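Trainee: Before I ask anything, let me first share the structure, which is written out below as structure tokens.
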Amino acid sequence: MELKQLEAFLAVLSAGSITAAARLLDRSQPAVSRLIQELESDIGFELLHRNGPRITPTERGIRFHAEAERLVTGIGRLHERAKAIAAEEALPIEIVAIPAFAAGFVPKALSRMPQQALPSRLHLRSAPAESGIQSVLARTADLCVVSLPAEQPGLETHVLAQAPCVAAVATSDPLARKEVVSIADLMGRSLITMANPFRLRRRVDQALEAHGIQASKVIDTNAAMIALQLTACGAGVAIIEPVTAYGVALKGVEIRPLDVNIPFLWGVFSAVSRPLPETARAFIHQFIETTASAIPGLVEHDPRRADLVTDAIFGAGAHNRAGAA
């Protein structure tokens with residue numbers, strides 16, 4: 001198995017055809033076809049279904065794609081680090097963050113760092129919490145900024161914080177005239193919330209149930225930015241985490257505190273026993289300052305007591321279930 005074979009396979013799936021992949025790679029179409037065939041011979045199974053000019057990945061090809069992409073990306077990052085070491089420059093850093101942070105506070109923190117403190121290469125990737133954690137554990141990312149729970153073995157906690165969820169309402173909504181939105185105000189309204197039942201959605205549902213709130217309609221989504229867009233379009237009132245609410249301004253949407261505390265918890269993690277580049281540590285420091293100054297009600301916890309915080313919010317033994325979340 002050779003790197004050029006993997007690159008040819010990734011190019012085909014990215015471009016959608018061997019002809020387009022050949023243009024991307026500046027190779028001939030027969031050369032790309034040959035590389036794919038050699039790769040299939042090396043690994044012992046077909047990667048592509050071929051039907052004339054139409055190319056689609058096999059089921060095994062789809063599974064193999066993720067592994068190949070991770071390896072090729074990792075080799076690219078290795079080249080970057082080798083160049084930085086040779087030039088005695090700051091090492092590149094890779095940050096994986098859930099969309100709530102990747103769209104707002106991570107870029108803000110980076111922009112407030114002295115430019116000379118940043119490496120010439122910096123990678124910011126948006127991914128679900130579970131993927132961010134696995135990237136750190138697999139050593140394909142230096143840091144992840146994710147929501148809790150996150151108690152997998154092998155993680156070192158650098159930041160552990162929480163803040164209350166908020167209501168997002170359209171500017172034209174009568175609730176926008178209130179300083180604080182009562183949970184009772186949501187009775188009979190169309191509500192917008194998160195889809196993942198193992199994270200924020202569970203606590204939102206518990207709060208609504210505890211106060212006997214019945215929505216006329218519930219719309220769920222996998223990203224708070226989408227919830228804000230739905231709110232701006234008049235689809236309903238959103239109960240969202242404070243990170244997106246205060247990190248990304250959206251015209252036509254007003255953010256109001258709720259009269260009940262629905263906690264949203266997050267942390268910054270790296271792999272245990274993996275020394276962080278100085279630039280990564282500088283980012284963590286700036287990130288703490290940026291979020292603390294912008295999110296009302298933010299509380300920082302002792303990173304060494306992540307298990308106790310998780311139990312207090314999610315219930316005893318929750319940190320043992322984090323891997324399933």
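By convention here, the chains of the structure tokens are called A, B, ... in the order presented, each chain's residues are numbered starting at 1, and ligands are numbered starting at 1 in the order presented.
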Pick out the residues sitting within 12 Å of Gln162 in chain A, and hand them over as a ChimeraX atom specification; count only C-alpha atoms, and ignore anything fewer than 2 positions along from it in its own chain.
Mentor: /A:146-149,159-160,164-165,241-243,261-267,288,291-292,295-303,306,309-310,313
Trainee: Would you pick out the contacts of His211 in chain A at 8 Å or less, using only C-alpha atoms, so that residues sharing its chain but fewer than 4 positions from it are not included, and give the list as a PyMOL selection string?
Mentor: chain A and resi 183-184+207
Trainee: Okay, now the selection with N, CA, C and O atoms, as a tab-separated table (two decimals), in the first residue's frame?
Mentor:
```tsv
chain	number	residue	atom	x	y	z
A	183	ILE	N	-39.92	29.85	32.18
A	183	ILE	CA	-40.21	28.59	31.52
A	183	ILE	C	-41.71	28.42	31.32
A	183	ILE	O	-42.15	27.76	30.38
A	184	ALA	N	-42.50	29.07	32.18
A	184	ALA	CA	-43.95	29.03	32.02
A	184	ALA	C	-44.39	29.73	30.73
A	184	ALA	O	-45.45	29.42	30.17
A	207	ALA	N	-36.20	19.58	32.42
A	207	ALA	CA	-36.67	20.87	32.94
A	207	ALA	C	-38.12	21.13	32.50
A	207	ALA	O	-38.95	21.57	33.30
```
Trainee: Among the residues of range 125-249 of chain A, find those DSSP assigns to helix (DSSP H, G or I) from the backbone and print them as a VMD selection string.
Mentor: chain A and resid 129 to 137 174 to 177 183 to 186 200 to 210 224 to 232 242 to 247
Trainee: Between A:Val218, A:Val180, A:Ala249, A:Ile240, which is the closest to Ala163 in chain A once you count only C-alpha atoms?
Mentor: A:Ile240
Trainee: Quick check, in Å to one decimal: how far apart do CA of Ser270 in chain A and CA of Glu67 in chain A lie?
Mentor: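 CA of Glu67 in chain A lies at a distance of 21.3 Å from CA of Ser270 in chain A.
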Trainee: Rank A:Ala82, A:Met113, A:Leu230, A:Ile18 by their smallest atom-to-atom distance to Arg54 in chain A, using only C-alpha atoms, and report the top residue only.
Mentor: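 Closest candidate: A:Ile18.
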Trainee: Using only C-alpha atoms, which of A:Asp259, A:Pro277, A:Arg139, A:His285 sits nearest Arg70 in chain A?
Mentor: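 Closest candidate: A:Arg139.
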